[in-house]
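Structure data (PDB, C-alpha atoms and all ligand atoms) from input-v6.pdb:
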```pdb
ATOM      1  CA  MET A  87      17.237  -2.415  12.025
ATOM      2  CA  LYS A  88      19.014  -0.912   9.028
ATOM      3  CA  ASP A  89      21.596  -3.695   9.110
ATOM      4  CA  LYS A  90      18.807  -6.239   8.968
ATOM      5  CA  LEU A  91      17.348  -4.597   5.865
ATOM      6  CA  LYS A  92      20.765  -4.601   4.276
ATOM      7  CA  LYS A  93      21.536  -8.219   5.091
ATOM      8  CA  GLU A  94      18.167  -9.585   3.927
ATOM      9  CA  GLY A  95      17.900  -7.232   0.982
ATOM     10  CA  THR A  96      21.199  -8.099  -0.650
ATOM     11  CA  GLN A  97      20.103 -11.723  -0.928
ATOM     12  CA  MET A  98      16.974 -10.894  -2.874
ATOM     13  CA  LYS A  99      15.792  -9.469  -6.128
ATOM     14  CA  SER A 100      13.026  -7.039  -5.199
ATOM     15  CA  ILE A 101      10.350  -5.103  -7.003
ATOM     16  CA  VAL A 102       8.280  -2.219  -5.630
ATOM     17  CA  VAL A 103       5.005  -1.719  -7.514
ATOM     18  CA  TYR A 104       2.493   0.953  -6.619
ATOM     19  CA  SER A 105      -0.806   2.401  -7.692
ATOM     20  CA  SER A 106      -1.301   6.050  -6.822
ATOM     21  CA  GLN A 107      -3.550   8.795  -8.136
ATOM     22  CA  THR A 108      -2.743  11.664  -5.802
ATOM     23  CA  GLY A 109       0.739  10.688  -4.588
ATOM     24  CA  ASN A 110       0.083   9.223  -1.129
ATOM     25  CA  THR A 111       0.875   5.606  -1.961
ATOM     26  CA  GLN A 112       3.758   6.726  -4.152
ATOM     27  CA  LYS A 113       5.391   8.351  -1.091
ATOM     28  CA  LEU A 114       5.377   5.029   0.749
ATOM     29  CA  ALA A 115       6.639   3.177  -2.325
ATOM     30  CA  LYS A 116       9.579   5.540  -2.733
ATOM     31  CA  ALA A 117      10.522   5.246   0.945
ATOM     32  CA  ILE A 118      10.522   1.445   0.685
ATOM     33  CA  PHE A 119      12.553   1.501  -2.499
ATOM     34  CA  LYS A 120      15.137   3.819  -0.957
ATOM     35  CA  LYS A 121      15.654   1.466   1.981
ATOM     36  CA  LEU A 122      15.790  -1.832   0.120
ATOM     37  CA  GLU A 123      19.245  -3.181  -0.563
ATOM     38  CA  GLY A 124      20.406  -5.477  -3.337
ATOM     39  CA  GLU A 125      18.904  -5.753  -6.789
ATOM     40  CA  LYS A 126      15.738  -3.655  -6.880
ATOM     41  CA  GLN A 127      13.316  -2.022  -9.277
ATOM     42  CA  ILE A 128      10.351   0.323  -8.800
ATOM     43  CA  TYR A 129       7.365   0.769 -11.103
ATOM     44  CA  LYS A 130       4.038   2.487 -11.307
ATOM     45  CA  ILE A 131       1.621  -0.374 -11.613
ATOM     46  CA  GLU A 132       0.708   0.455 -15.217
ATOM     47  CA  HIS A 133       4.291  -0.222 -16.279
ATOM     48  CA  ALA A 134       5.195  -3.044 -13.892
ATOM     49  CA  PRO A 135       6.618  -6.284 -15.282
ATOM     50  CA  ASP A 136       5.322  -9.680 -14.246
ATOM     51  CA  PRO A 137       6.236 -10.362 -10.594
ATOM     52  CA  SER A 138       7.380 -13.933 -11.268
ATOM     53  CA  GLU A 139      11.050 -13.050 -11.763
ATOM     54  CA  PHE A 140      11.346 -11.391  -8.316
ATOM     55  CA  ASP A 141      11.891 -12.894  -4.843
ATOM     56  CA  LEU A 142      10.229 -10.024  -2.992
ATOM     57  CA  VAL A 143       7.229  -8.052  -4.255
ATOM     58  CA  CYS A 144       6.284  -4.877  -2.357
ATOM     59  CA  LEU A 145       2.863  -3.811  -3.598
ATOM     60  CA  GLY A 146       1.160  -0.535  -2.667
ATOM     61  CA  PHE A 147      -2.487   0.270  -3.326
ATOM     62  CA  TRP A 148      -5.113   2.826  -2.338
ATOM     63  CA  LEU A 149      -8.636   2.089  -1.231
ATOM     64  CA  MET A 150     -11.571   2.595  -3.508
ATOM     65  CA  ALA A 151     -15.043   1.606  -2.348
ATOM     66  CA  GLY A 152     -13.559  -0.383   0.522
ATOM     67  CA  LYS A 153     -11.256  -2.495  -1.660
ATOM     68  CA  PRO A 154      -7.794  -2.204  -3.201
ATOM     69  CA  ASP A 155      -8.020  -0.154  -6.421
ATOM     70  CA  SER A 156      -8.770  -2.379  -9.414
ATOM     71  CA  THR A 157      -5.326  -2.290 -11.068
ATOM     72  CA  SER A 158      -3.763  -3.514  -7.820
ATOM     73  CA  GLN A 159      -6.307  -6.297  -7.584
ATOM     74  CA  GLU A 160      -5.332  -7.467 -11.058
ATOM     75  CA  TYR A 161      -1.606  -7.319 -10.294
ATOM     76  CA  LEU A 162      -2.024  -9.231  -7.031
ATOM     77  CA  LYS A 163      -3.580 -12.123  -8.900
ATOM     78  CA  LYS A 164      -0.264 -12.515 -10.755
ATOM     79  CA  VAL A 165       1.764 -12.894  -7.545
ATOM     80  CA  LYS A 166       2.388 -16.592  -6.950
ATOM     81  CA  ASN A 167       4.794 -17.957  -4.340
ATOM     82  CA  GLN A 168       6.965 -14.874  -3.845
ATOM     83  CA  LYS A 169       7.504 -12.996  -0.618
ATOM     84  CA  LEU A 170       4.889 -10.231  -0.535
ATOM     85  CA  PHE A 171       4.864  -7.012   1.476
ATOM     86  CA  LEU A 172       1.591  -5.112   1.147
ATOM     87  CA  PHE A 173       1.068  -1.451   1.916
ATOM     88  CA  ALA A 174      -1.982   0.738   1.499
ATOM     89  CA  THR A 175      -3.244   4.287   1.974
ATOM     90  CA  HIS A 176      -6.843   5.305   2.617
ATOM     91  CA  GLY A 177      -9.061   7.994   4.079
ATOM     92  CA  ALA A 178     -10.067   5.599   6.846
ATOM     93  CA  SER A 179      -7.905   5.279   9.939
ATOM     94  CA  ALA A 180      -5.249   2.556   9.849
ATOM     95  CA  ALA A 181      -6.853   0.582  12.681
ATOM     96  CA  SER A 182     -10.389   0.723  11.261
ATOM     97  CA  GLN A 183     -12.259  -2.419  10.299
ATOM     98  CA  HIS A 184     -12.663  -0.842   6.841
ATOM     99  CA  ALA A 185      -8.905  -0.617   6.252
ATOM    100  CA  GLN A 186      -8.134  -3.950   7.885
ATOM    101  CA  SER A 187     -10.681  -5.899   5.841
ATOM    102  CA  ALA A 188      -9.431  -4.294   2.631
ATOM    103  CA  MET A 189      -5.954  -5.564   3.526
ATOM    104  CA  GLU A 190      -7.347  -9.048   4.206
ATOM    105  CA  PHE A 191      -9.094  -8.950   0.850
ATOM    106  CA  ALA A 192      -5.810  -7.971  -0.842
ATOM    107  CA  LYS A 193      -4.099 -10.970   0.770
ATOM    108  CA  SER A 194      -6.840 -13.289  -0.459
ATOM    109  CA  LEU A 195      -6.050 -12.339  -4.045
ATOM    110  CA  ALA A 196      -2.573 -13.869  -3.771
ATOM    111  CA  PRO A 197      -3.278 -17.063  -1.806
ATOM    112  CA  ALA A 198       0.013 -18.760  -2.707
ATOM    113  CA  ALA A 199       2.171 -15.782  -1.700
ATOM    114  CA  ASN A 200       4.265 -15.673   1.435
ATOM    115  CA  VAL A 201       2.897 -12.456   2.976
ATOM    116  CA  ILE A 202       5.768 -11.244   5.128
ATOM    117  CA  GLY A 203       4.063  -8.060   6.317
ATOM    118  CA  THR A 204       1.436  -5.395   5.778
ATOM    119  CA  PHE A 205       1.218  -1.687   6.485
ATOM    120  CA  ASN A 206      -1.915   0.466   6.550
ATOM    121  CA  CYS A 207      -1.556   4.230   6.451
ATOM    122  CA  PRO A 208      -3.984   7.150   6.393
ATOM    123  CA  GLY A 209      -3.752   9.184   3.190
ATOM    124  CA  GLN A 210      -5.115  12.668   2.687
ATOM    125  CA  VAL A 211      -8.225  12.576   0.499
ATOM    126  CA  SER A 212      -8.528  15.081  -2.336
ATOM    127  CA  PRO A 213     -11.198  17.799  -1.826
ATOM    128  CA  ASN A 214     -13.295  16.814  -4.859
ATOM    129  CA  ILE A 215     -13.548  13.217  -3.639
ATOM    130  CA  LEU A 216     -14.539  14.400  -0.168
ATOM    131  CA  GLU A 217     -17.220  16.555  -1.738
ATOM    132  CA  LYS A 218     -18.573  13.652  -3.789
ATOM    133  CA  ALA A 219     -18.545  11.323  -0.789
ATOM    134  CA  ARG A 220     -20.384  13.888   1.357
ATOM    135  CA  SER A 221     -23.106  14.359  -1.233
ATOM    136  CA  LYS A 222     -24.016  10.658  -1.375
ATOM    137  CA  PRO A 223     -27.416   9.740   0.110
ATOM    138  CA  VAL A 224     -25.540   7.496   2.556
ATOM    139  CA  PRO A 225     -22.030   8.943   3.050
ATOM    140  CA  PRO A 226     -19.371   6.206   3.327
ATOM    141  CA  ALA A 227     -18.230   5.276   6.833
ATOM    142  CA  TRP A 228     -14.578   6.179   6.108
ATOM    143  CA  LEU A 229     -15.572   9.821   5.612
ATOM    144  CA  ALA A 230     -15.671  10.327   9.385
ATOM    145  CA  ASP A 231     -11.937   9.498   9.571
ATOM    146  CA  ALA A 232     -10.931  11.694   6.636
ATOM    147  CA  PRO A 233     -10.165  14.871   8.677
ATOM    148  CA  ASP A 234      -7.540  12.880  10.614
ATOM    149  CA  ALA A 235      -5.907  11.777   7.360
ATOM    150  CA  VAL A 236      -5.002  15.370   6.453
ATOM    151  CA  GLY A 237      -1.205  15.704   6.236
ATOM    152  CA  HIS A 238      -0.645  11.946   5.884
ATOM    153  CA  PRO A 239       1.464  10.110   4.985
ATOM    154  CA  ASN A 240       3.930  12.142   7.067
ATOM    155  CA  GLU A 241       7.501  11.553   8.244
ATOM    156  CA  GLU A 242       6.374   9.507  11.241
ATOM    157  CA  ASP A 243       4.292   7.246   8.967
ATOM    158  CA  LEU A 244       7.334   6.682   6.754
ATOM    159  CA  LYS A 245       9.464   5.807   9.761
ATOM    160  CA  GLN A 246       6.878   3.277  10.976
ATOM    161  CA  LEU A 247       6.674   1.827   7.488
ATOM    162  CA  ILE A 248      10.409   1.243   7.293
ATOM    163  CA  ASP A 249      10.438  -0.296  10.783
ATOM    164  CA  LYS A 250       7.640  -2.650   9.749
ATOM    165  CA  LEU A 251       9.464  -3.606   6.575
ATOM    166  CA  ALA A 252      12.658  -4.374   8.492
ATOM    167  CA  GLN A 253      10.695  -6.465  11.000
ATOM    168  CA  SER A 254       8.973  -8.304   8.163
ATOM    169  CA  LEU A 255      12.285  -9.177   6.552
ATOM    170  CA  SER A 256      13.804 -10.470   9.755
TER     171      SER A 256
HETATM  172  C1  LIG B   1     -12.713   7.283  -6.137
HETATM  173  C2  LIG B   1     -12.149   7.196  -4.746
HETATM  174  C3  LIG B   1     -12.698   6.305  -3.842
HETATM  175  C4  LIG B   1     -12.182   6.188  -2.554
HETATM  176  N1  LIG B   1     -12.707   5.280  -1.700
HETATM  177  C5  LIG B   1     -12.164   5.123  -0.470
HETATM  178  C6  LIG B   1     -12.636   4.104   0.410
HETATM  179  O1  LIG B   1     -13.519   3.311   0.087
HETATM  180  N2  LIG B   1     -12.075   4.028   1.638
HETATM  181  C7  LIG B   1     -11.083   4.854   2.060
HETATM  182  O2  LIG B   1     -10.647   4.723   3.197
HETATM  183  N3  LIG B   1     -10.577   5.819   1.241
HETATM  184  C8  LIG B   1     -11.098   5.965  -0.005
HETATM  185  N4  LIG B   1     -10.586   6.906  -0.860
HETATM  186  C9  LIG B   1      -9.451   7.740  -0.415
HETATM  187  C10 LIG B   1      -8.114   7.249  -0.964
HETATM  188  O3  LIG B   1      -7.989   5.843  -0.835
HETATM  189  C11 LIG B   1      -6.942   7.904  -0.219
HETATM  190  O4  LIG B   1      -6.988   9.308  -0.313
HETATM  191  C12 LIG B   1      -5.604   7.381  -0.723
HETATM  192  O5  LIG B   1      -4.590   7.798   0.145
HETATM  193  C13 LIG B   1      -5.278   7.862  -2.123
HETATM  194  O6  LIG B   1      -4.041   7.325  -2.495
HETATM  195  P1  LIG B   1      -3.136   7.947  -3.647
HETATM  196  O7  LIG B   1      -2.794   9.361  -3.253
HETATM  197  O8  LIG B   1      -1.942   7.077  -3.698
HETATM  198  O9  LIG B   1      -3.944   7.922  -4.911
HETATM  199  C14 LIG B   1     -11.097   7.023  -2.155
HETATM  200  C15 LIG B   1     -10.550   7.917  -3.078
HETATM  201  C16 LIG B   1     -11.050   7.990  -4.357
HETATM  202  C17 LIG B   1     -10.381   8.919  -5.347
END
```
Would you mind writing the structure in this file as structure tokens?
Ligand SMILES: Cc1cc2nc3c(=O)[nH]c(=O)nc-3n(C[C@H](O)[C@H](O)[C@H](O)COP(=O)(O)O)c2cc1C
Amino acid sequence: MKDKLKKEGTQMKSIVVYSSQTGNTQKLAKAIFKKLEGEKQIYKIEHAPDPSEFDLVCLGFWLMAGKPDSTSQEYLKKVKNQKLFLFATHGASAASQHAQSAMEFAKSLAPAANVIGTFNCPGQVSPNILEKARSKPVPPAWLADAPDAVGHPNEEDLKQLIDKLAQSLS
């Protein structure tokens, strides 16, 4: 698996771009960056250059109101025909319809991209956000999954992420 990452990676110029408020998505971004081989750069989304000069774009976002956060949505619209690996963290469980449709929506924002893989991951939700969500007249559906997101992303999540990336590059 590692050899595959190395072989594919050295042939490409890669960029890892991530949006992260509380650090969950940043953890995934750093793990991806560490494993990529060849020419590579990593940026917080606010400082990221245009994706056009890269062969592989790895973009990480977090979910807000059931969608990728707005800065990630804007960046995705700039991705044209590059290889694209998408990763996301959220209070909802990875297999939930909520998380899966957000990933589909992210893909739809870069219709010309070659999406080589995606990875959904639970991400611990900060206490103040949980409080706000609970106090809504109709609490969001993802709130029910939030207790299971405590402690994520963890080492096992990072391992699965790197496996998925290697598979996607093969
Ligand atoms: C304002 C706000 C809205 C959120 N909305 C959702 C949501 O709609 N669905 C969800 O699953 N998680 C939601 N979350 C939880 C975050 O997506 C989750 O904790 C994520 O891992 C945060 O990533 P970060 O640490 O990289 O900022 C929300 C968090 C915040 C702060």
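Evaluated against the shown file, the PyMOL selection byres (((chain A and resi 163-165) around 6) and not hetatm) gives Pro137, Glu160, Tyr161, Leu162, Lys166, Leu195 and Ala196 of chain A.
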Proximity check chain A to ligand LIG 1 (chain B), 7 Å, nearest pairs one decimal Å, only C-alpha atoms and all ligand atoms, as CSV:
```
residue,atom,partner,partner_atom,distance
A:Ser105,CA,B:LIG1,O8,6.3
A:Ser106,CA,B:LIG1,O8,3.4
A:Gln107,CA,B:LIG1,O9,3.4
A:Thr108,CA,B:LIG1,O7,3.4
A:Gly109,CA,B:LIG1,O7,4.0
A:Asn110,CA,B:LIG1,O7,3.6
A:Thr111,CA,B:LIG1,O8,3.6
A:Gln112,CA,B:LIG1,O8,5.7
A:Phe147,CA,B:LIG1,O8,6.8
A:Trp148,CA,B:LIG1,O3,4.4
A:Leu149,CA,B:LIG1,O3,3.8
A:Met150,CA,B:LIG1,N1,3.4
A:Ala151,CA,B:LIG1,O1,3.3
A:Gly152,CA,B:LIG1,O1,3.7
A:Lys153,CA,B:LIG1,O1,6.5
A:Thr175,CA,B:LIG1,O5,4.2
A:His176,CA,B:LIG1,O3,3.7
A:Gly177,CA,B:LIG1,O2,3.7
A:Ala178,CA,B:LIG1,O2,3.8
A:His184,CA,B:LIG1,O2,7.0
A:Ala185,CA,B:LIG1,O2,6.4
A:Pro208,CA,B:LIG1,O5,6.3
A:Gly209,CA,B:LIG1,O5,3.4
A:Gln210,CA,B:LIG1,O4,4.9
A:Val211,CA,B:LIG1,O4,3.6
A:Ser212,CA,B:LIG1,O4,6.3
A:Ile215,CA,B:LIG1,C17,5.6
A:Trp228,CA,B:LIG1,O2,5.1
```
Considering only C-alpha atoms, state which residue in the set A:Cys207, A:Asp155, A:Ser182, A:Ala192 is at the smallest distance from A:Glu241.
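Among the listed residues, the smallest separation from A:Glu241 belongs to A:Cys207.
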Within 10 Å of A:Gly146, counting all atoms listed in the file, which residues qualify if same-chain residues fewer than 6 places away don't, as a PDB file with C-alpha atoms, keeping the file's coordinate frame?
```pdb
ATOM      1  CA  VAL A 102       8.280  -2.219  -5.630  1.00  0.00           C
ATOM      2  CA  VAL A 103       5.005  -1.719  -7.514  1.00  0.00           C
ATOM      3  CA  TYR A 104       2.493   0.953  -6.619  1.00  0.00           C
ATOM      4  CA  SER A 105      -0.806   2.401  -7.692  1.00  0.00           C
ATOM      5  CA  SER A 106      -1.301   6.050  -6.822  1.00  0.00           C
ATOM      6  CA  ASN A 110       0.083   9.223  -1.129  1.00  0.00           C
ATOM      7  CA  THR A 111       0.875   5.606  -1.961  1.00  0.00           C
ATOM      8  CA  GLN A 112       3.758   6.726  -4.152  1.00  0.00           C
ATOM      9  CA  LYS A 113       5.391   8.351  -1.091  1.00  0.00           C
ATOM     10  CA  LEU A 114       5.377   5.029   0.749  1.00  0.00           C
ATOM     11  CA  ALA A 115       6.639   3.177  -2.325  1.00  0.00           C
ATOM     12  CA  LYS A 130       4.038   2.487 -11.307  1.00  0.00           C
ATOM     13  CA  ILE A 131       1.621  -0.374 -11.613  1.00  0.00           C
ATOM     14  CA  PRO A 154      -7.794  -2.204  -3.201  1.00  0.00           C
ATOM     15  CA  ASP A 155      -8.020  -0.154  -6.421  1.00  0.00           C
ATOM     16  CA  SER A 158      -3.763  -3.514  -7.820  1.00  0.00           C
ATOM     17  CA  PHE A 171       4.864  -7.012   1.476  1.00  0.00           C
ATOM     18  CA  LEU A 172       1.591  -5.112   1.147  1.00  0.00           C
ATOM     19  CA  PHE A 173       1.068  -1.451   1.916  1.00  0.00           C
ATOM     20  CA  ALA A 174      -1.982   0.738   1.499  1.00  0.00           C
ATOM     21  CA  THR A 175      -3.244   4.287   1.974  1.00  0.00           C
ATOM     22  CA  THR A 204       1.436  -5.395   5.778  1.00  0.00           C
ATOM     23  CA  PHE A 205       1.218  -1.687   6.485  1.00  0.00           C
ATOM     24  CA  ASN A 206      -1.915   0.466   6.550  1.00  0.00           C
TER      25      ASN A 206
END
```
Identify which of the residues A:Arg220, A:Ala227, A:Asp234, A:Ala117 lies closest to A:Cys144, counting all atoms listed in the file when measuring atom-to-atom distances.
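For A:Cys144, the nearest of the candidates is A:Ala117.
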Leaving out A:Ala219 and any residue of its chain fewer than 6 positions from it, which residues lie within 8 Å of it when counting only C-alpha atoms, given as number ranges by chain?
A: 225-226, 229
Separation of atom CA of A:Val201 from atom CA of A:Ser254 in Å:
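Distance between the two atoms: 9.0 Å.
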Run the PyMOL selection byres (((chain A and resi 140) around 10) and not hetatm) against the file shown and list the residues it catches, as a ChimeraX atom specification.
/A:98-101,125-127,135-139,141-143,165,168-169
As an exercise, work out the distance from atom CA of A:Ser256 to atom CA of A:Ala181 in Å and give it to one decimal place.
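Going from atom CA of A:Ser256 over to atom CA of A:Ala181 covers 23.6 Å.
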d(atom CA of A:Leu145, atom CA of A:Leu170) in Å:
7.4 Å
